[in-house]
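Pasting entry_28.pdb here (PDB, C-alpha atoms):
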MODEL        1
ATOM      1  CA  MET A   1      -9.789  16.590 -13.119
ATOM      2  CA  ASP A   2     -11.750  13.504 -14.150
ATOM      3  CA  ASP A   3      -9.140  10.790 -13.545
ATOM      4  CA  PRO A   4      -9.372   9.858  -9.837
ATOM      5  CA  GLN A   5      -5.810   8.562  -9.697
ATOM      6  CA  LEU A   6      -4.360  11.691 -11.308
ATOM      7  CA  LEU A   7      -6.373  13.775  -8.865
ATOM      8  CA  THR A   8      -5.019  11.801  -5.912
ATOM      9  CA  LYS A   9      -1.450  11.903  -7.217
ATOM     10  CA  SER A  10      -1.671  15.671  -7.711
ATOM     11  CA  THR A  11      -2.949  16.102  -4.169
ATOM     12  CA  TYR A  12      -0.161  13.996  -2.657
ATOM     13  CA  ASN A  13       2.451  15.939  -4.610
ATOM     14  CA  ARG A  14       1.048  19.188  -3.254
ATOM     15  CA  ILE A  15       0.674  18.107   0.382
ATOM     16  CA  ALA A  16       3.644  15.707   0.604
ATOM     17  CA  ALA A  17       5.468  17.457   3.467
ATOM     18  CA  LYS A  18       2.315  18.115   5.481
ATOM     19  CA  TRP A  19       0.977  14.588   4.990
ATOM     20  CA  THR A  20       4.316  13.081   6.026
ATOM     21  CA  ARG A  21       4.394  15.123   9.249
ATOM     22  CA  GLU A  22       0.828  14.207  10.162
ATOM     23  CA  HIS A  23       1.262  10.486   9.459
ATOM     24  CA  ASN A  24       4.541   9.923  11.276
ATOM     25  CA  THR A  25       3.271   7.015  13.371
ATOM     26  CA  PRO A  26       6.114   4.566  14.100
ATOM     27  CA  GLY A  27       4.829   1.221  15.275
ATOM     28  CA  PHE A  28       1.318   1.616  13.833
ATOM     29  CA  TRP A  29       1.574  -1.714  11.977
ATOM     30  CA  GLU A  30       3.765  -3.385  14.612
ATOM     31  CA  LYS A  31       1.442  -6.332  15.286
ATOM     32  CA  GLU A  32       0.828  -6.864  11.589
ATOM     33  CA  PHE A  33       4.548  -6.761  10.870
ATOM     34  CA  GLU A  34       5.158  -9.552  13.378
ATOM     35  CA  VAL A  35       2.682 -11.700  11.430
ATOM     36  CA  PHE A  36       4.384 -10.750   8.153
ATOM     37  CA  LYS A  37       7.801 -11.793   9.508
ATOM     38  CA  ARG A  38       6.388 -15.093  10.682
ATOM     39  CA  LEU A  39       4.921 -15.816   7.258
ATOM     40  CA  LEU A  40       7.946 -14.504   5.327
ATOM     41  CA  PRO A  41      11.148 -14.625   7.415
ATOM     42  CA  GLY A  42      13.332 -13.110   4.693
ATOM     43  CA  GLY A  43      13.687 -12.218   1.030
ATOM     44  CA  LYS A  44      13.155  -9.326  -1.363
ATOM     45  CA  VAL A  45      10.076  -7.244  -0.554
ATOM     46  CA  LEU A  46       8.248  -4.627  -2.627
ATOM     47  CA  ASP A  47       6.616  -1.799  -0.659
ATOM     48  CA  VAL A  48       3.642  -1.047  -2.929
ATOM     49  CA  GLY A  49       2.705   2.616  -2.546
ATOM     50  CA  CYS A  50       5.609   3.383  -0.225
ATOM     51  CA  GLY A  51       4.801   7.096   0.122
ATOM     52  CA  PRO A  52       7.495   8.904   2.156
ATOM     53  CA  GLY A  53       9.283   5.626   2.823
ATOM     54  CA  LYS A  54       8.745   5.215   6.561
ATOM     55  CA  HIS A  55       8.088   1.478   6.260
ATOM     56  CA  SER A  56      11.550   0.998   4.797
ATOM     57  CA  VAL A  57      12.957   1.338   8.321
ATOM     58  CA  PHE A  58      11.416  -1.741   9.908
ATOM     59  CA  LEU A  59      11.540  -3.780   6.700
ATOM     60  CA  GLN A  60      15.258  -3.156   6.278
ATOM     61  CA  GLN A  61      15.980  -3.605   9.985
ATOM     62  CA  ALA A  62      14.350  -7.027   9.766
ATOM     63  CA  GLY A  63      16.786  -7.965   7.009
ATOM     64  CA  TYR A  64      14.555  -7.767   3.954
ATOM     65  CA  ASP A  65      15.966  -6.644   0.607
ATOM     66  CA  TYR A  66      13.714  -3.583   0.288
ATOM     67  CA  VAL A  67      12.367  -1.737  -2.759
ATOM     68  CA  GLY A  68       9.696   0.978  -2.499
ATOM     69  CA  VAL A  69       7.503   2.146  -5.375
ATOM     70  CA  ASP A  70       5.127   5.117  -5.490
ATOM     71  CA  TYR A  71       3.547   7.386  -8.093
ATOM     72  CA  SER A  72       3.960  10.639  -6.138
ATOM     73  CA  GLU A  73       7.158  12.482  -6.990
ATOM     74  CA  GLY A  74       6.661  14.689  -3.934
ATOM     75  CA  LEU A  75       6.487  11.775  -1.499
ATOM     76  CA  LEU A  76       9.402   9.997  -3.180
ATOM     77  CA  GLU A  77      11.556  13.110  -2.840
ATOM     78  CA  ILE A  78      10.985  12.992   0.914
ATOM     79  CA  ALA A  79      11.630   9.233   1.024
ATOM     80  CA  ARG A  80      14.958   9.537  -0.780
ATOM     81  CA  SER A  81      16.020  12.417   1.451
ATOM     82  CA  GLU A  82      15.004  10.786   4.733
ATOM     83  CA  PHE A  83      16.091   7.220   3.932
ATOM     84  CA  PRO A  84      19.078   7.417   1.556
ATOM     85  CA  ASN A  85      20.029   3.783   2.116
ATOM     86  CA  ALA A  86      16.733   2.479   0.741
ATOM     87  CA  LYS A  87      15.799   2.029  -2.913
ATOM     88  CA  PHE A  88      12.781   3.992  -4.151
ATOM     89  CA  ILE A  89      11.361   3.889  -7.677
ATOM     90  CA  GLU A  90       8.640   5.979  -9.283
ATOM     91  CA  GLY A  91       5.839   3.864 -10.723
ATOM     92  CA  ASP A  92       2.114   3.246 -10.944
ATOM     93  CA  ILE A  93       0.548   0.212  -9.249
ATOM     94  CA  LEU A  94      -1.330  -0.501 -12.459
ATOM     95  CA  HIS A  95       1.939  -0.554 -14.456
ATOM     96  CA  LEU A  96       4.703  -1.620 -12.080
ATOM     97  CA  PRO A  97       8.184  -0.927 -13.507
ATOM     98  CA  PHE A  98       9.607  -4.365 -12.726
ATOM     99  CA  ARG A  99      10.191  -7.648 -14.524
ATOM    100  CA  LYS A 100       8.163 -10.688 -13.529
ATOM    101  CA  ASP A 101       9.064 -12.897 -10.563
ATOM    102  CA  GLN A 102      11.370 -10.369  -8.863
ATOM    103  CA  PHE A 103      10.043 -10.315  -5.302
ATOM    104  CA  ASP A 104       9.448 -12.822  -2.501
ATOM    105  CA  GLY A 105       6.755 -10.702  -0.903
ATOM    106  CA  PHE A 106       4.968  -7.371  -0.903
ATOM    107  CA  TRP A 107       3.765  -4.828   1.646
ATOM    108  CA  ALA A 108       0.733  -2.745   0.600
ATOM    109  CA  ALA A 109      -0.294  -0.524   3.519
ATOM    110  CA  ALA A 110      -3.031   1.963   2.586
ATOM    111  CA  SER A 111      -2.176   2.034  -1.113
ATOM    112  CA  LEU A 112      -4.634  -0.227  -2.936
ATOM    113  CA  LEU A 113      -7.432   1.849  -1.389
ATOM    114  CA  HIS A 114      -6.675   4.540  -3.978
ATOM    115  CA  ILE A 115      -7.404   2.136  -6.854
ATOM    116  CA  PRO A 116     -10.934   2.249  -8.341
ATOM    117  CA  LYS A 117     -12.803  -1.008  -7.817
ATOM    118  CA  GLY A 118     -13.044  -1.488 -11.566
ATOM    119  CA  ASP A 119      -9.228  -1.513 -11.749
ATOM    120  CA  ILE A 120      -8.430  -3.545  -8.632
ATOM    121  CA  GLY A 121      -8.126  -6.787 -10.610
ATOM    122  CA  SER A 122      -5.520  -5.168 -12.858
ATOM    123  CA  ALA A 123      -3.592  -3.915  -9.824
ATOM    124  CA  LEU A 124      -3.623  -7.341  -8.168
ATOM    125  CA  ASN A 125      -2.469  -8.979 -11.382
ATOM    126  CA  GLU A 126       0.412  -6.510 -11.684
ATOM    127  CA  ILE A 127       1.493  -7.422  -8.157
ATOM    128  CA  LYS A 128       1.113 -11.119  -9.000
ATOM    129  CA  ARG A 129       3.267 -10.605 -12.097
ATOM    130  CA  VAL A 130       6.248  -9.141 -10.251
ATOM    131  CA  VAL A 131       6.268 -11.537  -7.280
ATOM    132  CA  LYS A 132       7.387 -15.146  -7.320
ATOM    133  CA  GLU A 133       5.095 -18.125  -6.887
ATOM    134  CA  ASP A 134       4.073 -18.672  -3.236
ATOM    135  CA  SER A 135       5.036 -15.115  -2.283
ATOM    136  CA  ILE A 136       3.569 -13.558   0.858
ATOM    137  CA  GLY A 137       1.751 -10.227   0.932
ATOM    138  CA  PHE A 138       0.237  -7.763   3.385
ATOM    139  CA  ILE A 139      -2.710  -5.579   2.320
ATOM    140  CA  ALA A 140      -4.455  -2.936   4.441
ATOM    141  CA  LEU A 141      -7.646  -1.214   3.241
ATOM    142  CA  LYS A 142     -10.262   1.035   4.805
ATOM    143  CA  LYS A 143     -13.486  -0.645   5.876
ATOM    144  CA  GLY A 144     -16.610   0.847   4.322
ATOM    145  CA  ASP A 145     -18.837   0.882   1.276
ATOM    146  CA  GLY A 146     -18.498   2.258  -2.227
ATOM    147  CA  GLU A 147     -15.841   4.514  -3.729
ATOM    148  CA  ARG A 148     -15.636   8.278  -3.996
ATOM    149  CA  VAL A 149     -13.484  11.384  -3.915
ATOM    150  CA  VAL A 150     -13.050  12.396  -0.279
ATOM    151  CA  VAL A 151     -12.594  16.072   0.581
ATOM    152  CA  ASP A 152     -10.573  17.038   3.666
ATOM    153  CA  GLU A 153     -13.211  19.432   4.962
ATOM    154  CA  GLU A 154     -11.556  19.969   8.350
ATOM    155  CA  ASP A 155      -8.450  21.515   6.886
ATOM    156  CA  SER A 156      -7.427  22.391   3.359
ATOM    157  CA  GLY A 157     -10.168  20.941   1.193
ATOM    158  CA  ASP A 158      -7.688  18.589  -0.458
ATOM    159  CA  GLN A 159      -9.285  15.832  -2.536
ATOM    160  CA  ARG A 160      -8.254  12.185  -2.804
ATOM    161  CA  PHE A 161     -10.005   9.160  -4.266
ATOM    162  CA  PHE A 162     -10.762   6.191  -1.999
ATOM    163  CA  SER A 163     -12.349   2.814  -2.487
ATOM    164  CA  PHE A 164     -13.871   1.292   0.651
ATOM    165  CA  TRP A 165     -14.332  -2.427   1.186
ATOM    166  CA  GLN A 166     -16.065  -5.010   3.330
ATOM    167  CA  LYS A 167     -14.169  -8.153   4.307
ATOM    168  CA  GLU A 168     -16.248 -10.589   2.243
ATOM    169  CA  GLU A 169     -16.203  -8.266  -0.770
ATOM    170  CA  PHE A 170     -12.431  -7.923  -0.907
ATOM    171  CA  GLN A 171     -11.780 -11.540   0.018
ATOM    172  CA  LYS A 172     -13.891 -12.596  -2.966
ATOM    173  CA  THR A 173     -11.909 -10.203  -5.176
ATOM    174  CA  LEU A 174      -8.644 -11.691  -3.933
ATOM    175  CA  GLU A 175      -9.782 -15.240  -4.546
ATOM    176  CA  GLU A 176     -11.042 -14.370  -8.033
ATOM    177  CA  ASN A 177      -7.510 -13.169  -8.815
ATOM    178  CA  ASP A 178      -5.795 -16.278  -7.387
ATOM    179  CA  PHE A 179      -4.701 -14.779  -4.081
ATOM    180  CA  GLU A 180      -5.063 -17.137  -1.117
ATOM    181  CA  VAL A 181      -6.064 -15.446   2.156
ATOM    182  CA  LEU A 182      -3.884 -16.833   4.948
ATOM    183  CA  GLU A 183      -4.957 -14.598   7.810
ATOM    184  CA  PHE A 184      -7.347 -11.692   8.355
ATOM    185  CA  SER A 185      -7.832  -9.134  11.108
ATOM    186  CA  GLU A 186      -9.345  -5.718  11.719
ATOM    187  CA  HIS A 187      -7.313  -2.793  13.018
ATOM    188  CA  PRO A 188      -9.529  -0.053  14.484
ATOM    189  CA  THR A 189      -8.190   3.459  15.089
ATOM    190  CA  ASN A 190      -9.329   6.538  16.978
ATOM    191  CA  ARG A 191      -9.895   8.388  13.682
ATOM    192  CA  LYS A 192     -13.188   6.618  12.872
ATOM    193  CA  THR A 193     -11.248   4.363  10.513
ATOM    194  CA  THR A 194     -11.150   0.592  10.723
ATOM    195  CA  TRP A 195      -8.495  -1.130   8.662
ATOM    196  CA  LEU A 196      -9.137  -4.468   6.988
ATOM    197  CA  VAL A 197      -5.882  -6.431   7.095
ATOM    198  CA  PHE A 198      -5.243  -9.366   4.771
ATOM    199  CA  PHE A 199      -2.191 -11.627   4.703
ATOM    200  CA  VAL A 200      -2.101 -13.482   1.408
ATOM    201  CA  LYS A 201      -0.168 -16.037  -0.585
ATOM    202  CA  VAL A 202       0.179 -15.418  -4.311
TER     203      VAL A 202
ENDMDL
END
Show me the file's structure as structure tokens.
Amino acid sequence: MDDPQLLTKSTYNRIAAKWTREHNTPGFWEKEFEVFKRLLPGGKVLDVGCGPGKHSVFLQQAGYDYVGVDYSEGLLEIARSEFPNAKFIEGDILHLPFRKDQFDGFWAAASLLHIPKGDIGSALNEIKRVVKEDSIGFIALKKGDGERVVVDEEDSGDQRFFSFWQKEEFQKTLEENDFEVLEFSEHPTNRKTTWLVFFVKV
């Protein structure tokens, strides 16, 4: 399969239940969410790449009008089953199924990292299209260099496409697409992954 996004989508559909079990980490973004609430105390929020919907819990509990979007039918099936009170819509980040100026903010945890670097400007502009002026956003990406298909060698051999970023590289990309960086931090983990965390105004 040549299309990296179709490859990744196919993998997530196949491993949806397993991936959801292994990534059930309540509170992982707790510190980042406190910053998000400070910057955006309320409003309608789009969870970009919502996966199995676990972020709907704290976003709804905080009083946000929540909508989740993802391209994996398998993950969305789990989301709708586990969180029936939340709204989940199937859609591609590069072609979001929403009218312009619908959201006050967005939450993009570990989703834009599946977008090829050559398409990241298109993805950011789609987000910019559907959010209102002066909206607040959260973006988390994996720190690293380049982009490639990553094979899960320790387990099943599943393949997913990732783009890896350095702070200055992605900050420049944001600014080129009219996103203002409000705050930045790094979030290291015990899985050899360091997350680059950007809070932005659109």
Residues matched by the PyMOL selection byres ((chain A and resi 76) around 9), written as a list in words = Ala16, Cys50, Gly51, Pro52, Gly53, Val69, Asp70, Tyr71, Ser72, Glu73, Gly74, Leu75, Glu77, Ile78, Ala79, Arg80, Ser81, Phe88, Ile89 and Glu90 of chain A
request  = Write out as a PyMOL selection string each polymer residue whose atoms come within 8 Å of A:Asp134, counting all atoms listed in the file; drop sequence neighbours fewer than 4 positions from it.
outcome  = chain A and resi 104+201-202
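In this structure, atom CA of A:Asp145 sits 27.4 Å away from atom CA of A:Arg14.
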Between stretch 71-159 of chain A and stretch 167-191 of chain A, at 8 Å or less, what are the per-residue closest atom pairs and their distances in Å? Count all atoms listed in the file, order by chain and rising residue number, and return it as JSON lines.
{"residue": "A:Gly121", "atom": "CA", "partner": "A:Asn177", "partner_atom": "CA", "distance": 6.7}
{"residue": "A:Leu124", "atom": "CA", "partner": "A:Asn177", "partner_atom": "CA", "distance": 7.0}
{"residue": "A:Asn125", "atom": "CA", "partner": "A:Asn177", "partner_atom": "CA", "distance": 7.0}
{"residue": "A:Lys143", "atom": "CA", "partner": "A:Lys167", "partner_atom": "CA", "distance": 7.7}
task = Determine the residue membership of the PyMOL selection byres ((chain A and resi 146) around 9) for the file above and supply it as a ChimeraX atom specification.
result = /A:117,144-145,147-148,162-165
query = Between atom CA of A:Val197 and atom CA of A:His95, what is the distance, to one decimal in Å?
reply = 23.7 Å
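Interatomic distance, atom CA of A:Glu133 against atom CA of A:Pro97: 18.7 Å.
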Please report, as a Markdown table, each residue of stretch 73-191 of chain A lying at most 8 Å from stretch 31-42 of chain A, together with the nearest pair of atoms and the separation in Å rounded to one decimal; use all atoms listed in the file, and order rows by chain and ascending residue number.
| residue | atom | partner | partner_atom | distance |
| --- | --- | --- | --- | --- |
| A:Gly105 | CA | A:Leu40 | CA | 7.4 |
| A:Ile136 | CA | A:Leu40 | CA | 6.3 |
| A:Gly137 | CA | A:Phe36 | CA | 7.7 |
| A:Phe138 | CA | A:Phe36 | CA | 7.0 |
Go ahead and find all residues with at least one atom no further than 9 Å from (-2.5, -5.8, -2.2) in the file's coordinates, using only C-alpha atoms; report them as a PDB file with C-alpha atoms, in the coordinates of the input.
ATOM      1  CA  VAL A  48       3.642  -1.047  -2.929  1.00  0.00           C
ATOM      2  CA  PHE A 106       4.968  -7.371  -0.903  1.00  0.00           C
ATOM      3  CA  TRP A 107       3.765  -4.828   1.646  1.00  0.00           C
ATOM      4  CA  ALA A 108       0.733  -2.745   0.600  1.00  0.00           C
ATOM      5  CA  ALA A 109      -0.294  -0.524   3.519  1.00  0.00           C
ATOM      6  CA  SER A 111      -2.176   2.034  -1.113  1.00  0.00           C
ATOM      7  CA  LEU A 112      -4.634  -0.227  -2.936  1.00  0.00           C
ATOM      8  CA  ALA A 123      -3.592  -3.915  -9.824  1.00  0.00           C
ATOM      9  CA  LEU A 124      -3.623  -7.341  -8.168  1.00  0.00           C
ATOM     10  CA  ILE A 127       1.493  -7.422  -8.157  1.00  0.00           C
ATOM     11  CA  GLY A 137       1.751 -10.227   0.932  1.00  0.00           C
ATOM     12  CA  PHE A 138       0.237  -7.763   3.385  1.00  0.00           C
ATOM     13  CA  ILE A 139      -2.710  -5.579   2.320  1.00  0.00           C
ATOM     14  CA  ALA A 140      -4.455  -2.936   4.441  1.00  0.00           C
ATOM     15  CA  LEU A 141      -7.646  -1.214   3.241  1.00  0.00           C
ATOM     16  CA  LEU A 174      -8.644 -11.691  -3.933  1.00  0.00           C
ATOM     17  CA  PHE A 198      -5.243  -9.366   4.771  1.00  0.00           C
ATOM     18  CA  VAL A 200      -2.101 -13.482   1.408  1.00  0.00           C
TER      19      VAL A 200
END
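Taking all atoms listed in the file into account, A:Ala86 lies nearest to A:Tyr66 out of the set A:Phe103, A:Trp19, A:Tyr66, A:Trp29.
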Output file: stretch 122-144 of chain A, N, CA and C atoms, as a JSON list (two decimals), in the first residue's frame:
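Saved file out.json follows:
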[["chain", "number", "residue", "atom", "x", "y", "z"],
["A", 122, "SER", "N", -1.67, 21.76, 4.61],
["A", 122, "SER", "CA", -3.07, 21.54, 4.26],
["A", 122, "SER", "C", -3.90, 21.16, 5.49],
["A", 123, "ALA", "N", -3.32, 20.31, 6.35],
["A", 123, "ALA", "CA", -4.02, 19.91, 7.56],
["A", 123, "ALA", "C", -4.24, 21.10, 8.49],
["A", 124, "LEU", "N", -3.21, 21.92, 8.67],
["A", 124, "LEU", "CA", -3.34, 23.09, 9.54],
["A", 124, "LEU", "C", -4.36, 24.07, 8.97],
["A", 125, "ASN", "N", -4.40, 24.22, 7.67],
["A", 125, "ASN", "CA", -5.36, 25.13, 7.07],
["A", 125, "ASN", "C", -6.78, 24.61, 7.16],
["A", 126, "GLU", "N", -6.97, 23.30, 7.16],
["A", 126, "GLU", "CA", -8.29, 22.73, 7.38],
["A", 126, "GLU", "C", -8.76, 23.01, 8.81],
["A", 127, "ILE", "N", -7.84, 22.85, 9.77],
["A", 127, "ILE", "CA", -8.19, 23.17, 11.15],
["A", 127, "ILE", "C", -8.54, 24.66, 11.26],
["A", 128, "LYS", "N", -7.71, 25.50, 10.65],
["A", 128, "LYS", "CA", -7.94, 26.95, 10.69],
["A", 128, "LYS", "C", -9.29, 27.31, 10.07],
["A", 129, "ARG", "N", -9.68, 26.56, 9.04],
["A", 129, "ARG", "CA", -10.96, 26.85, 8.38],
["A", 129, "ARG", "C", -12.15, 26.61, 9.30],
["A", 130, "VAL", "N", -12.10, 25.55, 10.09],
["A", 130, "VAL", "CA", -13.29, 25.16, 10.87],
["A", 130, "VAL", "C", -13.33, 25.79, 12.25],
["A", 131, "VAL", "N", -12.26, 26.46, 12.68],
["A", 131, "VAL", "CA", -12.29, 27.15, 13.97],
["A", 131, "VAL", "C", -12.48, 28.65, 13.76],
["A", 132, "LYS", "N", -12.98, 29.29, 14.79],
["A", 132, "LYS", "CA", -13.22, 30.73, 14.72],
["A", 132, "LYS", "C", -11.91, 31.50, 14.91],
["A", 133, "GLU", "N", -11.95, 32.77, 14.58],
["A", 133, "GLU", "CA", -10.78, 33.62, 14.79],
["A", 133, "GLU", "C", -10.45, 33.70, 16.27],
["A", 134, "ASP", "N", -9.16, 33.66, 16.60],
["A", 134, "ASP", "CA", -8.66, 33.69, 17.98],
["A", 134, "ASP", "C", -9.01, 32.43, 18.76],
["A", 135, "SER", "N", -9.22, 31.31, 18.06],
["A", 135, "SER", "CA", -9.43, 30.04, 18.74],
["A", 135, "SER", "C", -8.12, 29.54, 19.35],
["A", 136, "ILE", "N", -8.27, 28.67, 20.34],
["A", 136, "ILE", "CA", -7.13, 28.09, 21.05],
["A", 136, "ILE", "C", -6.99, 26.62, 20.68],
["A", 137, "GLY", "N", -5.75, 26.17, 20.49],
["A", 137, "GLY", "CA", -5.52, 24.77, 20.14],
["A", 137, "GLY", "C", -4.38, 24.14, 20.92],
["A", 138, "PHE", "N", -4.47, 22.84, 21.06],
["A", 138, "PHE", "CA", -3.43, 22.01, 21.68],
["A", 138, "PHE", "C", -2.95, 21.01, 20.63],
["A", 139, "ILE", "N", -1.64, 20.92, 20.44],
["A", 139, "ILE", "CA", -1.05, 19.98, 19.49],
["A", 139, "ILE", "C", 0.08, 19.23, 20.18],
["A", 140, "ALA", "N", 0.07, 17.90, 20.08],
["A", 140, "ALA", "CA", 1.15, 17.08, 20.62],
["A", 140, "ALA", "C", 1.72, 16.19, 19.52],
["A", 141, "LEU", "N", 3.03, 16.27, 19.33],
["A", 141, "LEU", "CA", 3.74, 15.52, 18.28],
["A", 141, "LEU", "C", 4.94, 14.80, 18.90],
["A", 142, "LYS", "N", 5.44, 13.79, 18.19],
["A", 142, "LYS", "CA", 6.62, 13.09, 18.67],
["A", 142, "LYS", "C", 7.89, 13.81, 18.23],
["A", 143, "LYS", "N", 8.80, 13.96, 19.17],
["A", 143, "LYS", "CA", 10.08, 14.61, 18.88],
["A", 143, "LYS", "C", 10.98, 13.65, 18.10],
["A", 144, "GLY", "N", 11.61, 14.16, 17.05],
["A", 144, "GLY", "CA", 12.51, 13.33, 16.26],
["A", 144, "GLY", "C", 12.78, 13.97, 14.92]]
